[in-house]
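Participant: Provided herewith is a single structure, encoded as structure tokens, for subsequent inquiry.
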Amino acid sequence: MHFRRLEDANLSGKTAIVRVDFNVPRAEDGSISDDTRIQAALPTLRAIRDAGAKLVILSHFGRPKGEVRPDLSLDFLLPVLNEHLGETIGFIDGSNAADISENITLVENTRFEAGETKGDEDLAKRWASMGDVFIQDAFSASHRNHVSSAGLAKFLPAYAGLSMERELDHLAQALENPRQPVLGVVGGAKVSTKIDLLKNLVDKLDMLAIGGGMANTFLAAQGYDVGNSLCEHDLADTARDIMTAAQKANCQILLPIDVVAATEFAANAPHRVCGLNDVKANEMILDAGPETVEGLLDAIDRAKTLIWNGPLGAFEITPFDTSTVEAANYAGKRVKENGLIAVAGGGDTVAALKHAGAADNFTFISTAGGAFLEWMEGKALPGVEILKV
Ligand code: AMP
């Protein structure tokens, strides 16, 4: 994918309006409990200042739905940004796009403005009047057709920030022009949230391993009795359609061939490994079994590129995290030792890979949720489309 990068922007003496994602988790006392998103934005903010431009920073926080909510104000970020960037940070109300006096100005929560989520053109024009270029650095909000994600590009030249560049380059490496063969690992609770994603992937991948609760739907669709497992029986036809589409597209589907079953969804619940024909009516499948894991490690060996979304079992409760942990660690090892490209993201994936201790070994882990999934579904993301050349 060719897109306009930060280095293409003429920034000297200009004012850059930068969309970042400062939607950070906060503890009850108001402190920031995880500053990953702030750290991710800093290189772009510093690069823009170093290039001689003023900064106007836009971000949403929570879901104020067009209302001014003091509890969702971005004012808590002022001392944090001041400390990281070493400059005074101006703070303005988004309803009142003003002349920018400070070198760095933070605009109040973009979602205090009702027009933001509607992609309102008047609001876009008003915000655009504050600067000369638009730098989109929030991949996580790029699936939204909001003013701060995409709408500003109607009035200003748009470029990707450094964090956006990293996302787009790695995503392209995983699905657009990957080294083949490509293996997808898709897990998680339900098929219903991932139908489009699976349909898109079977067209693009050489192998697709399906795990977690959603694998139960596929097994049931093949006639196996999954007992008391999480299973969407009404999606049996959909599951069969996906299998047929995979066959047509020459994508090998890997489903569990053995499972770990328990009668209770709880940590350390009594459990046993069993075959697919042997799940009892009162048992739930909570993880893939050892033979399945062996097959998965073999597929990871064959792959040159791996794209991963979702856990392979109920990873929050031991020992039902076993297949997720083993497969994730093996993938991390192959990245280090064999140059496997391993990209992951979406939903619980980051938590699952962190839990496995494999997150740092992956080539790239996207912190975006919805945007990552929509990208895996093959959808055009408004906040990325505006960057394309
Ligand atoms: P998702 O948000 O779709 O990625 O799903 C993640 C959730 O799926 C996690 O909370 C897992 O505990 C859950 N999950 C994965 N496998 C199973 C399973 N076999 N039975 C029940 N829940 C599962």
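Note on naming: chains are A, B, ... as they come in the structure tokens, residues start from 1 per chain, ligands start from 1 in the order shown.
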Give me the residues within 12 Å of Gly223 of chain A as a PyMOL selection string, counting only C-alpha atoms and dropping any in the same chain fewer than 5 places off.
Facilitator: chain A and resi 216-218+233+236-237+239-240+276-277
Participant: With N, CA and C atoms retained, write the just-selected residues as a PDB file, in the first residue's frame.
Facilitator:
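So the final result, stored in part_5.pdb, reads:
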```
ATOM      1  N   ASN A 216     -15.851 -24.710  18.312  1.00  0.00           N
ATOM      2  CA  ASN A 216     -16.940 -25.635  18.669  1.00  0.00           C
ATOM      3  C   ASN A 216     -18.077 -25.574  17.656  1.00  0.00           C
ATOM      4  N   THR A 217     -18.353 -24.359  17.169  1.00  0.00           N
ATOM      5  CA  THR A 217     -19.412 -24.198  16.168  1.00  0.00           C
ATOM      6  C   THR A 217     -19.059 -24.975  14.897  1.00  0.00           C
ATOM      7  N   PHE A 218     -17.785 -24.917  14.521  1.00  0.00           N
ATOM      8  CA  PHE A 218     -17.349 -25.661  13.332  1.00  0.00           C
ATOM      9  C   PHE A 218     -17.436 -27.173  13.566  1.00  0.00           C
ATOM     10  N   HIS A 233     -25.062 -22.989  17.525  1.00  0.00           N
ATOM     11  CA  HIS A 233     -25.617 -24.016  16.632  1.00  0.00           C
ATOM     12  C   HIS A 233     -26.323 -23.395  15.429  1.00  0.00           C
ATOM     13  N   ALA A 236     -24.375 -23.099  12.018  1.00  0.00           N
ATOM     14  CA  ALA A 236     -23.795 -24.296  11.394  1.00  0.00           C
ATOM     15  C   ALA A 236     -23.650 -24.112   9.884  1.00  0.00           C
ATOM     16  N   ASP A 237     -24.662 -23.532   9.243  1.00  0.00           N
ATOM     17  CA  ASP A 237     -24.584 -23.327   7.791  1.00  0.00           C
ATOM     18  C   ASP A 237     -23.455 -22.373   7.434  1.00  0.00           C
ATOM     19  N   ALA A 239     -20.781 -21.842   9.132  1.00  0.00           N
ATOM     20  CA  ALA A 239     -19.500 -22.549   9.325  1.00  0.00           C
ATOM     21  C   ALA A 239     -19.214 -23.452   8.123  1.00  0.00           C
ATOM     22  N   ARG A 240     -20.235 -24.150   7.653  1.00  0.00           N
ATOM     23  CA  ARG A 240     -20.031 -25.044   6.491  1.00  0.00           C
ATOM     24  C   ARG A 240     -19.686 -24.226   5.240  1.00  0.00           C
ATOM     25  N   LEU A 276     -12.738 -36.052  19.695  1.00  0.00           N
ATOM     26  CA  LEU A 276     -13.920 -35.271  19.313  1.00  0.00           C
ATOM     27  C   LEU A 276     -15.220 -36.057  19.478  1.00  0.00           C
ATOM     28  N   ASN A 277     -15.100 -37.383  19.464  1.00  0.00           N
ATOM     29  CA  ASN A 277     -16.314 -38.196  19.573  1.00  0.00           C
ATOM     30  C   ASN A 277     -16.674 -38.528  21.007  1.00  0.00           C
TER      31      ASN A 277
END
```
Participant: Taking only residues of chain A that have an atom at most 6 Å from an atom of ligand 1, what is each one's shortest atom pair and its distance in Å to one decimal, using only C-alpha atoms and all ligand atoms, in chain and number order, as a Markdown table?
Facilitator:
```
| residue | atom | partner | partner_atom_place_in_ligand_line | distance |
| --- | --- | --- | --- | --- |
| A:Gly188 | CA | ligand 1 | 5 (O) | 3.3 |
| A:Ala189 | CA | ligand 1 | 8 (O) | 3.5 |
| A:Lys190 | CA | ligand 1 | 3 (O) | 5.5 |
| A:Gly212 | CA | ligand 1 | 16 (N) | 3.3 |
| A:Gly213 | CA | ligand 1 | 18 (C) | 3.7 |
| A:Leu230 | CA | ligand 1 | 20 (N) | 5.3 |
| A:Ile285 | CA | ligand 1 | 19 (N) | 5.1 |
| A:Leu286 | CA | ligand 1 | 19 (N) | 3.7 |
| A:Asp287 | CA | ligand 1 | 19 (N) | 5.3 |
| A:Gly310 | CA | ligand 1 | 4 (O) | 4.2 |
| A:Pro311 | CA | ligand 1 | 15 (C) | 5.7 |
| A:Leu312 | CA | ligand 1 | 16 (N) | 5.6 |
| A:Gly313 | CA | ligand 1 | 16 (N) | 3.4 |
| A:Ala314 | CA | ligand 1 | 12 (O) | 3.3 |
| A:Phe315 | CA | ligand 1 | 12 (O) | 5.3 |
| A:Glu316 | CA | ligand 1 | 12 (O) | 5.7 |
| A:Gly347 | CA | ligand 1 | 4 (O) | 5.3 |
| A:Asp348 | CA | ligand 1 | 4 (O) | 4.9 |
```
Participant: Once you count only C-alpha atoms, what closest atom pair and distance in Å to one decimal does each residue of segment 77-185 of chain A within 10 Å of segment 39-61 of chain A have, with rows by chain and rising residue number, as a tab-separated table?
Facilitator:
```
residue	atom	partner	partner_atom	distance
A:Leu81	CA	A:Leu42	CA	8.9
A:His84	CA	A:Leu42	CA	7.8
A:Leu85	CA	A:Arg46	CA	7.2
A:Ile89	CA	A:Leu55	CA	9.6
A:Gly90	CA	A:Val56	CA	9.0
A:Phe91	CA	A:Val56	CA	9.5
A:Ile92	CA	A:Val56	CA	9.7
A:Gly94	CA	A:Leu58	CA	8.9
A:Ile100	CA	A:Val56	CA	8.0
A:Ser101	CA	A:Lys54	CA	9.3
A:Glu102	CA	A:Lys54	CA	7.9
A:Asn103	CA	A:Lys54	CA	4.8
A:Ile104	CA	A:Leu55	CA	4.7
A:Thr105	CA	A:Val56	CA	4.8
A:Leu106	CA	A:Ile57	CA	4.8
A:Val107	CA	A:Leu58	CA	5.5
A:Glu108	CA	A:Leu58	CA	7.5
A:Asn109	CA	A:His60	CA	4.9
A:Thr110	CA	A:His60	CA	4.9
A:Arg111	CA	A:His60	CA	5.7
A:Phe112	CA	A:His60	CA	8.4
A:Glu116	CA	A:His60	CA	9.4
A:Trp127	CA	A:Leu58	CA	9.5
A:Met130	CA	A:Val56	CA	7.7
A:Gly131	CA	A:Val56	CA	7.5
A:Asp132	CA	A:Ala53	CA	9.7
A:Val133	CA	A:Ala53	CA	9.9
A:Phe134	CA	A:Val56	CA	9.5
A:Ile135	CA	A:Thr44	CA	9.0
A:Gln136	CA	A:Leu58	CA	9.7
A:Asp137	CA	A:Ala41	CA	7.3
A:Ala138	CA	A:Ala41	CA	8.4
A:Ala141	CA	A:His60	CA	9.1
A:Ser148	CA	A:Leu58	CA	7.0
A:Ser149	CA	A:Ser59	CA	9.4
A:Ala160	CA	A:Thr44	CA	9.5
A:Gly161	CA	A:Thr44	CA	5.7
A:Leu162	CA	A:Thr44	CA	5.4
A:Ser163	CA	A:Ala40	CA	6.4
A:Met164	CA	A:Ala41	CA	9.4
```
Participant: Can those selected residues be exported to a file as a compact mmCIF listing (two decimals), in the first residue's frame so that it contains N, CA, C and O atoms?
Facilitator:
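This is the output file selection_5.txt:
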```
# COMPACT_ATOMS: atom_id res chain seq x y z
N LEU A 81 1.80 15.47 29.29
CA LEU A 81 2.40 15.89 28.02
C LEU A 81 3.51 16.91 28.26
O LEU A 81 4.55 16.89 27.60
N HIS A 84 6.56 14.95 29.23
CA HIS A 84 7.18 14.21 28.13
C HIS A 84 7.77 15.11 27.05
O HIS A 84 8.78 14.79 26.45
N LEU A 85 7.10 16.23 26.79
CA LEU A 85 7.51 17.04 25.65
C LEU A 85 8.33 18.26 26.06
O LEU A 85 8.92 18.94 25.21
N ILE A 89 1.82 23.30 27.55
CA ILE A 89 0.78 22.79 26.65
C ILE A 89 -0.46 23.68 26.77
O ILE A 89 -1.02 23.83 27.86
N GLY A 90 -0.85 24.28 25.66
CA GLY A 90 -2.10 25.05 25.66
C GLY A 90 -3.28 24.09 25.66
O GLY A 90 -3.14 22.93 25.28
N PHE A 91 -4.43 24.57 26.09
CA PHE A 91 -5.61 23.68 26.14
C PHE A 91 -6.80 24.49 25.65
O PHE A 91 -7.11 25.55 26.21
N ILE A 92 -7.45 24.02 24.60
CA ILE A 92 -8.61 24.76 24.09
C ILE A 92 -9.83 23.86 23.94
O ILE A 92 -9.71 22.64 23.81
N GLY A 94 -12.87 22.42 21.93
CA GLY A 94 -13.03 22.07 20.52
C GLY A 94 -14.17 22.81 19.82
O GLY A 94 -14.23 22.85 18.60
N ILE A 100 -3.98 29.67 17.47
CA ILE A 100 -3.14 28.85 18.32
C ILE A 100 -1.94 29.68 18.78
O ILE A 100 -1.17 30.14 17.95
N SER A 101 -1.82 29.86 20.09
CA SER A 101 -0.70 30.68 20.55
C SER A 101 0.49 29.84 21.02
O SER A 101 1.63 30.14 20.69
N GLU A 102 0.20 28.78 21.75
CA GLU A 102 1.32 27.95 22.25
C GLU A 102 1.89 27.11 21.11
O GLU A 102 1.22 26.84 20.12
N ASN A 103 3.12 26.63 21.31
CA ASN A 103 3.71 25.72 20.31
C ASN A 103 3.01 24.37 20.30
O ASN A 103 3.00 23.67 19.30
N ILE A 104 2.47 24.00 21.46
CA ILE A 104 1.72 22.74 21.52
C ILE A 104 0.37 23.02 22.18
O ILE A 104 0.32 23.60 23.27
N THR A 105 -0.68 22.63 21.50
CA THR A 105 -2.02 22.85 22.05
C THR A 105 -2.78 21.53 22.02
O THR A 105 -2.81 20.84 21.00
N LEU A 106 -3.39 21.23 23.14
CA LEU A 106 -4.26 20.05 23.20
C LEU A 106 -5.70 20.54 23.08
O LEU A 106 -6.10 21.47 23.78
N VAL A 107 -6.44 19.91 22.18
CA VAL A 107 -7.86 20.25 22.04
C VAL A 107 -8.65 19.32 22.97
O VAL A 107 -8.34 18.13 23.07
N GLU A 108 -9.64 19.87 23.63
CA GLU A 108 -10.49 19.07 24.53
C GLU A 108 -11.14 17.90 23.76
O GLU A 108 -11.29 17.96 22.52
N ASN A 109 -11.44 16.85 24.48
CA ASN A 109 -12.07 15.62 23.96
C ASN A 109 -12.92 15.86 22.70
O ASN A 109 -13.95 16.53 22.76
N THR A 110 -12.47 15.30 21.58
CA THR A 110 -13.16 15.56 20.31
C THR A 110 -14.63 15.15 20.35
O THR A 110 -15.46 15.72 19.67
N ARG A 111 -14.93 14.15 21.17
CA ARG A 111 -16.32 13.65 21.20
C ARG A 111 -17.25 14.48 22.08
O ARG A 111 -18.43 14.13 22.22
N PHE A 112 -16.75 15.60 22.63
CA PHE A 112 -17.65 16.56 23.27
C PHE A 112 -18.48 17.29 22.19
O PHE A 112 -19.50 17.89 22.48
N GLU A 116 -18.47 15.50 15.65
CA GLU A 116 -17.28 14.63 15.48
C GLU A 116 -17.65 13.25 14.93
O GLU A 116 -17.17 12.82 13.89
N TRP A 127 -12.13 22.95 12.59
CA TRP A 127 -10.88 22.40 13.13
C TRP A 127 -9.73 22.57 12.14
O TRP A 127 -8.60 22.86 12.53
N MET A 130 -7.40 25.61 12.12
CA MET A 130 -6.35 25.78 13.12
C MET A 130 -4.96 25.41 12.58
O MET A 130 -3.95 25.67 13.24
N GLY A 131 -4.90 24.76 11.42
CA GLY A 131 -3.58 24.28 10.99
C GLY A 131 -3.42 24.23 9.49
O GLY A 131 -4.28 24.68 8.72
N ASP A 132 -2.28 23.67 9.07
CA ASP A 132 -1.94 23.60 7.65
C ASP A 132 -1.90 22.17 7.12
O ASP A 132 -2.10 21.94 5.93
N VAL A 133 -1.58 21.23 7.98
CA VAL A 133 -1.55 19.82 7.55
C VAL A 133 -2.22 18.96 8.62
O VAL A 133 -2.29 19.35 9.79
N PHE A 134 -2.69 17.79 8.17
CA PHE A 134 -3.35 16.85 9.09
C PHE A 134 -2.49 15.59 9.17
O PHE A 134 -2.16 14.98 8.15
N ILE A 135 -2.10 15.24 10.37
CA ILE A 135 -1.31 14.03 10.57
C ILE A 135 -2.18 13.01 11.29
O ILE A 135 -2.59 13.23 12.43
N GLN A 136 -2.48 11.90 10.63
CA GLN A 136 -3.32 10.86 11.23
C GLN A 136 -2.40 9.85 11.89
O GLN A 136 -1.65 9.14 11.23
N ASP A 137 -2.44 9.79 13.21
CA ASP A 137 -1.56 8.84 13.91
C ASP A 137 -2.34 7.90 14.82
O ASP A 137 -1.78 7.30 15.72
N ALA A 138 -3.65 7.80 14.59
CA ALA A 138 -4.47 6.93 15.45
C ALA A 138 -5.10 5.82 14.61
O ALA A 138 -6.27 5.90 14.21
N ALA A 141 -8.46 4.40 15.66
CA ALA A 141 -9.73 5.11 15.39
C ALA A 141 -9.98 5.24 13.89
O ALA A 141 -10.92 5.91 13.46
N SER A 148 -12.22 13.78 13.17
CA SER A 148 -10.80 13.73 13.54
C SER A 148 -10.08 12.52 12.96
O SER A 148 -8.85 12.47 12.97
N SER A 149 -10.83 11.53 12.45
CA SER A 149 -10.18 10.36 11.85
C SER A 149 -9.99 10.54 10.35
O SER A 149 -8.99 10.11 9.80
N ALA A 160 0.33 10.12 7.23
CA ALA A 160 0.37 9.19 8.36
C ALA A 160 1.42 9.63 9.36
O ALA A 160 2.51 10.06 8.97
N GLY A 161 1.12 9.53 10.65
CA GLY A 161 2.14 9.71 11.67
C GLY A 161 2.98 8.45 11.78
O GLY A 161 2.68 7.43 11.12
N LEU A 162 4.01 8.49 12.60
CA LEU A 162 4.96 7.36 12.65
C LEU A 162 4.32 6.08 13.19
O LEU A 162 4.64 4.98 12.74
N SER A 163 3.40 6.23 14.15
CA SER A 163 2.78 5.05 14.70
C SER A 163 1.81 4.42 13.68
O SER A 163 1.75 3.19 13.52
N MET A 164 1.10 5.26 12.96
CA MET A 164 0.25 4.78 11.87
C MET A 164 1.09 4.08 10.79
O MET A 164 0.72 3.03 10.28
```
Participant: Show me, as a list in words, the residues that have an atom within 10 Å of Ala269 of chain A when counting only C-alpha atoms, minus same-chain residues fewer than 6 positions from it.
Facilitator: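 Once the nearby chain positions are removed, what remains is Ala261, Ala262, Thr263, Ile317, Thr318, Pro319 and Phe320 of chain A.
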Participant: Write the residues you've just listed into a file as a PDB file, in the first residue's frame, and include C-alpha atoms for each of them.
Facilitator:
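Result file is again.pdb:
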```pdb
ATOM      1  CA  ALA A 261     -13.066 -30.795  28.451  1.00  0.00           C
ATOM      2  CA  ALA A 262     -14.385 -29.837  31.902  1.00  0.00           C
ATOM      3  CA  THR A 263     -17.775 -29.681  33.584  1.00  0.00           C
ATOM      4  CA  ILE A 317      -8.316 -19.700  33.579  1.00  0.00           C
ATOM      5  CA  THR A 318      -5.515 -22.240  34.004  1.00  0.00           C
ATOM      6  CA  PRO A 319      -4.898 -24.807  32.693  1.00  0.00           C
ATOM      7  CA  PHE A 320      -7.165 -23.888  29.782  1.00  0.00           C
TER       8      PHE A 320
END
```
Participant: Do a neighbour search on Thr193 of chain A at 12 Å with only C-alpha atoms, toss out local chain neighbours closer than 4 positions, and write the hits as a tab-separated table (two decimals) with all heavy atoms, in the first residue's frame.
Facilitator:
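The resulting file, around-v4.tsv, is reproduced below:
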```tsv
chain	number	residue	atom	x	y	z
A	186	VAL	N	-7.07	-17.98	14.25
A	186	VAL	CA	-8.21	-17.18	14.71
A	186	VAL	C	-8.93	-17.95	15.81
A	186	VAL	O	-9.34	-19.11	15.61
A	186	VAL	CB	-9.19	-16.86	13.56
A	186	VAL	CG1	-10.38	-16.07	14.10
A	186	VAL	CG2	-8.49	-16.05	12.48
A	187	GLY	N	-9.02	-17.31	16.96
A	187	GLY	CA	-9.72	-17.93	18.07
A	187	GLY	C	-10.69	-16.94	18.67
A	187	GLY	O	-11.04	-15.95	18.04
A	188	GLY	N	-11.11	-17.21	19.89
A	188	GLY	CA	-12.05	-16.31	20.54
A	188	GLY	C	-13.35	-17.01	20.80
A	188	GLY	O	-13.51	-18.21	20.52
A	189	ALA	N	-14.28	-16.26	21.36
A	189	ALA	CA	-15.50	-16.87	21.87
A	189	ALA	C	-16.44	-17.32	20.75
A	189	ALA	O	-16.87	-18.47	20.70
A	189	ALA	CB	-16.19	-15.89	22.80
A	197	LEU	N	-14.53	-11.73	8.90
A	197	LEU	CA	-13.08	-11.91	9.02
A	197	LEU	C	-12.66	-13.28	8.46
A	197	LEU	O	-11.73	-13.39	7.66
A	197	LEU	CB	-12.75	-11.79	10.50
A	197	LEU	CG	-11.31	-11.83	10.99
A	197	LEU	CD1	-11.21	-10.99	12.25
A	197	LEU	CD2	-10.89	-13.23	11.30
A	198	LEU	N	-13.40	-14.33	8.83
A	198	LEU	CA	-13.06	-15.66	8.35
A	198	LEU	C	-13.23	-15.75	6.84
A	198	LEU	O	-12.39	-16.32	6.14
A	198	LEU	CB	-13.93	-16.72	9.05
A	198	LEU	CG	-13.67	-16.89	10.56
A	198	LEU	CD1	-14.75	-17.74	11.20
A	198	LEU	CD2	-12.30	-17.50	10.81
A	199	LYS	N	-14.31	-15.16	6.34
A	199	LYS	CA	-14.55	-15.21	4.89
A	199	LYS	C	-13.43	-14.52	4.12
A	199	LYS	O	-13.00	-14.98	3.07
A	199	LYS	CB	-15.89	-14.54	4.55
A	199	LYS	CG	-17.08	-15.42	4.89
A	199	LYS	CD	-18.38	-14.79	4.45
A	199	LYS	CE	-19.53	-15.72	4.74
A	199	LYS	NZ	-20.83	-15.03	4.78
A	213	GLY	N	-13.71	-20.94	21.56
A	213	GLY	CA	-15.12	-21.30	21.54
A	213	GLY	C	-15.66	-21.41	20.13
A	213	GLY	O	-16.53	-22.25	19.84
A	214	MET	N	-15.14	-20.57	19.22
A	214	MET	CA	-15.69	-20.58	17.87
A	214	MET	C	-15.42	-21.89	17.13
A	214	MET	O	-16.20	-22.27	16.24
A	214	MET	CB	-15.23	-19.38	17.06
A	214	MET	CG	-13.74	-19.21	16.98
A	214	MET	SD	-13.38	-17.57	16.35
A	214	MET	CE	-13.77	-17.83	14.66
A	232	GLU	N	-22.44	-21.87	18.77
A	232	GLU	CA	-23.56	-21.19	18.10
A	232	GLU	C	-24.14	-22.16	17.06
A	232	GLU	O	-23.77	-22.12	15.88
A	232	GLU	CB	-23.06	-19.89	17.47
A	232	GLU	CG	-22.64	-18.87	18.50
A	232	GLU	CD	-21.88	-17.71	17.89
A	232	GLU	OE1	-20.74	-17.91	17.47
A	232	GLU	OE2	-22.44	-16.61	17.83
A	235	LEU	N	-25.37	-21.17	13.64
A	235	LEU	CA	-24.42	-20.75	12.61
A	235	LEU	C	-23.75	-21.94	11.91
A	235	LEU	O	-22.71	-21.78	11.26
A	235	LEU	CB	-23.35	-19.83	13.21
A	235	LEU	CG	-23.86	-18.43	13.60
A	235	LEU	CD1	-22.73	-17.59	14.17
A	235	LEU	CD2	-24.46	-17.72	12.38
A	310	GLY	N	-7.16	-13.65	18.51
A	310	GLY	CA	-8.03	-14.38	19.44
A	310	GLY	C	-7.36	-15.58	20.10
A	310	GLY	O	-6.51	-16.23	19.48
A	346	GLY	N	-6.14	-7.20	17.93
A	346	GLY	CA	-7.59	-7.28	18.06
A	346	GLY	C	-8.07	-7.93	19.34
A	346	GLY	O	-7.58	-8.99	19.73
A	347	GLY	N	-9.02	-7.28	19.99
A	347	GLY	CA	-9.71	-7.86	21.15
A	347	GLY	C	-8.77	-8.35	22.25
A	347	GLY	O	-7.89	-7.62	22.71
A	370	GLY	N	-11.10	-2.71	17.24
A	370	GLY	CA	-12.04	-2.71	16.12
A	370	GLY	C	-11.39	-2.46	14.77
A	370	GLY	O	-11.73	-3.10	13.78
A	373	LEU	N	-9.64	-5.55	13.49
A	373	LEU	CA	-10.58	-6.56	13.01
A	373	LEU	C	-11.16	-6.17	11.66
A	373	LEU	O	-11.28	-6.99	10.75
A	373	LEU	CB	-11.70	-6.78	14.03
A	373	LEU	CG	-11.26	-7.47	15.33
A	373	LEU	CD1	-12.42	-7.56	16.30
A	373	LEU	CD2	-10.72	-8.86	15.05
A	374	GLU	N	-11.53	-4.89	11.51
A	374	GLU	CA	-12.10	-4.46	10.22
A	374	GLU	C	-11.08	-4.57	9.11
A	374	GLU	O	-11.41	-4.89	7.97
A	374	GLU	CB	-12.66	-3.03	10.33
A	374	GLU	CG	-13.93	-3.00	11.14
A	374	GLU	CD	-14.78	-1.76	10.90
A	374	GLU	OE1	-14.66	-1.11	9.85
A	374	GLU	OE2	-15.58	-1.44	11.81
A	377	GLU	N	-10.98	-8.00	8.10
A	377	GLU	CA	-12.18	-8.32	7.32
A	377	GLU	C	-12.05	-7.83	5.89
A	377	GLU	O	-12.94	-8.06	5.07
A	377	GLU	CB	-13.41	-7.65	7.97
A	377	GLU	CG	-13.81	-8.32	9.28
A	377	GLU	CD	-14.83	-7.51	10.07
A	377	GLU	OE1	-15.23	-6.42	9.61
A	377	GLU	OE2	-15.22	-7.96	11.15
```
Participant: Atom CA of Val18 of chain A and atom CA of Ala150 of chain A, how far apart in Å?
Facilitator: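 Answer for the atom CA of Ala150 of chain A to atom CA of Val18 of chain A separation: 11.7 Å.
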Participant: Residues of segment 31-205 of chain A classed as helix (DSSP H, G or I) by DSSP on the backbone are to be reported as JSON, numbers by chain.
Facilitator: {"A": [36, 37, 38, 39, 40, 41, 42, 43, 44, 45, 46, 47, 48, 49, 50, 70, 71, 72, 75, 76, 77, 78, 79, 80, 81, 82, 83, 84, 85, 110, 111, 112, 114, 115, 116, 117, 118, 121, 122, 123, 124, 125, 126, 127, 128, 139, 140, 141, 151, 152, 153, 154, 162, 163, 164, 165, 166, 167, 168, 169, 170, 171, 172, 173, 174, 175, 176, 195, 196, 197, 198, 199, 200, 201, 202, 203, 204]}
Participant: Which residues are close to segment 325-342 of chain A, i.e. within 6 Å by only C-alpha atoms, leaving aside same-chain residues fewer than 6 positions away? Reply as a PDB file with C-alpha atoms, in the first residue's frame.
Facilitator:
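Result saved to out.pdb:
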```pdb
ATOM      1  CA  LYS A 304       6.702 -17.837   6.677  1.00  0.00           C
ATOM      2  CA  THR A 305       4.041 -15.397   7.863  1.00  0.00           C
ATOM      3  CA  LEU A 306       1.609 -15.711  10.761  1.00  0.00           C
ATOM      4  CA  ILE A 307      -1.379 -13.527  11.501  1.00  0.00           C
ATOM      5  CA  ALA A 356       1.858 -16.229  27.351  1.00  0.00           C
ATOM      6  CA  ALA A 358       5.253 -14.079  23.915  1.00  0.00           C
ATOM      7  CA  ASN A 361       8.807 -11.787  20.567  1.00  0.00           C
ATOM      8  CA  PHE A 362       6.145 -11.176  17.952  1.00  0.00           C
ATOM      9  CA  THR A 363       7.174  -9.068  14.981  1.00  0.00           C
TER      10      THR A 363
END
```
Participant: Write out as a ChimeraX atom specification which residues come within 9 Å of Asp120 of chain A when counting only C-alpha atoms, dropping same-chain ones fewer than 4 positions away.
Facilitator: /A:114-116,124-125,146-147,151
Participant: Kindly save the residues from that selection, with N, CA, C and O atoms included, as a JSON list (two decimals), in the first residue's frame.
Facilitator:
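Full text of part.json as output:
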```json
[["chain", "number", "residue", "atom", "x", "y", "z"],
["A", 114, "ALA", "N", -20.82, 17.14, 19.04],
["A", 114, "ALA", "CA", -21.73, 16.18, 18.42],
["A", 114, "ALA", "C", -21.35, 15.89, 16.97],
["A", 114, "ALA", "O", -21.58, 14.80, 16.45],
["A", 115, "GLY", "N", -20.76, 16.89, 16.29],
["A", 115, "GLY", "CA", -20.42, 16.72, 14.88],
["A", 115, "GLY", "C", -19.28, 15.74, 14.64],
["A", 115, "GLY", "O", -19.14, 15.21, 13.53],
["A", 116, "GLU", "N", -18.47, 15.50, 15.65],
["A", 116, "GLU", "CA", -17.28, 14.63, 15.48],
["A", 116, "GLU", "C", -17.65, 13.25, 14.93],
["A", 116, "GLU", "O", -17.17, 12.82, 13.89],
["A", 124, "ALA", "N", -15.36, 19.97, 10.61],
["A", 124, "ALA", "CA", -14.07, 19.67, 9.96],
["A", 124, "ALA", "C", -13.42, 20.97, 9.49],
["A", 124, "ALA", "O", -12.22, 21.19, 9.68],
["A", 125, "LYS", "N", -14.23, 21.84, 8.90],
["A", 125, "LYS", "CA", -13.70, 23.12, 8.40],
["A", 125, "LYS", "C", -13.17, 23.95, 9.56],
["A", 125, "LYS", "O", -12.09, 24.55, 9.48],
["A", 146, "HIS", "N", -15.10, 9.62, 11.34],
["A", 146, "HIS", "CA", -15.28, 10.79, 12.18],
["A", 146, "HIS", "C", -14.45, 11.96, 11.64],
["A", 146, "HIS", "O", -13.57, 11.76, 10.81],
["A", 147, "VAL", "N", -14.78, 13.15, 12.13],
["A", 147, "VAL", "CA", -14.05, 14.33, 11.66],
["A", 147, "VAL", "C", -12.57, 14.18, 11.95],
["A", 147, "VAL", "O", -11.72, 14.39, 11.07],
["A", 151, "GLY", "N", -12.44, 13.13, 8.35],
["A", 151, "GLY", "CA", -13.08, 14.33, 7.80],
["A", 151, "GLY", "C", -12.15, 15.51, 7.56],
["A", 151, "GLY", "O", -12.33, 16.28, 6.61]]
```
Participant: Go through segment 164-381 of chain A and collect every residue that DSSP, computed from the backbone, puts in strand (DSSP E); the answer should be as a ChimeraX atom specification.
Facilitator: /A:182-186,207-210,252-254,258-262,271-275,284-288,305-309,341-345,364-366
Participant: In terms of the shortest atom-to-atom distance over only C-alpha atoms, which of A:Asp196, A:Lys154, A:Asn82, A:Val191 is closest to Gly378 of chain A?
Facilitator: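 Ranked by minimum distance to Gly378 of chain A, first place goes to A:Asp196.
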Participant: Please indicate the distance in Å from atom CA of Arg179 of chain A to atom CA of Ala249 of chain A, rounded to one decimal place.
Facilitator: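 Those two atoms sit 17.8 Å apart.
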Participant: Report, in Å with one decimal, the straight-line distance from atom CA of Leu78 of chain A to atom CA of Phe22 of chain A.
Facilitator: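 We find that atom CA of Leu78 of chain A and atom CA of Phe22 of chain A lie 11.6 Å from each other.
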Participant: Pick from A:Glu385, A:Asp206, A:Glu113, A:Glu83: nearest to His2 of chain A, with only C-alpha atoms counted?
Facilitator: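 Among the listed residues, A:Glu385 lies closest to His2 of chain A.
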Participant: Could you check the closest approach to Lys204 of chain A for each of A:Gly227, A:Gly295, A:Pro178, A:Gly13 and tell me which residue wins, using only C-alpha atoms?
Facilitator: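 For Lys204 of chain A, the nearest of the given residues is A:Pro178.
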Participant: With only C-alpha atoms as the basis for distance, which of A:Ala351, A:Ala267, A:Ala174, A:Leu219 is at the shortest distance from Ala303 of chain A?
Facilitator: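 Going through A:Ala351, A:Ala267, A:Ala174, A:Leu219 one by one, the smallest distance to Ala303 of chain A is for A:Ala174.
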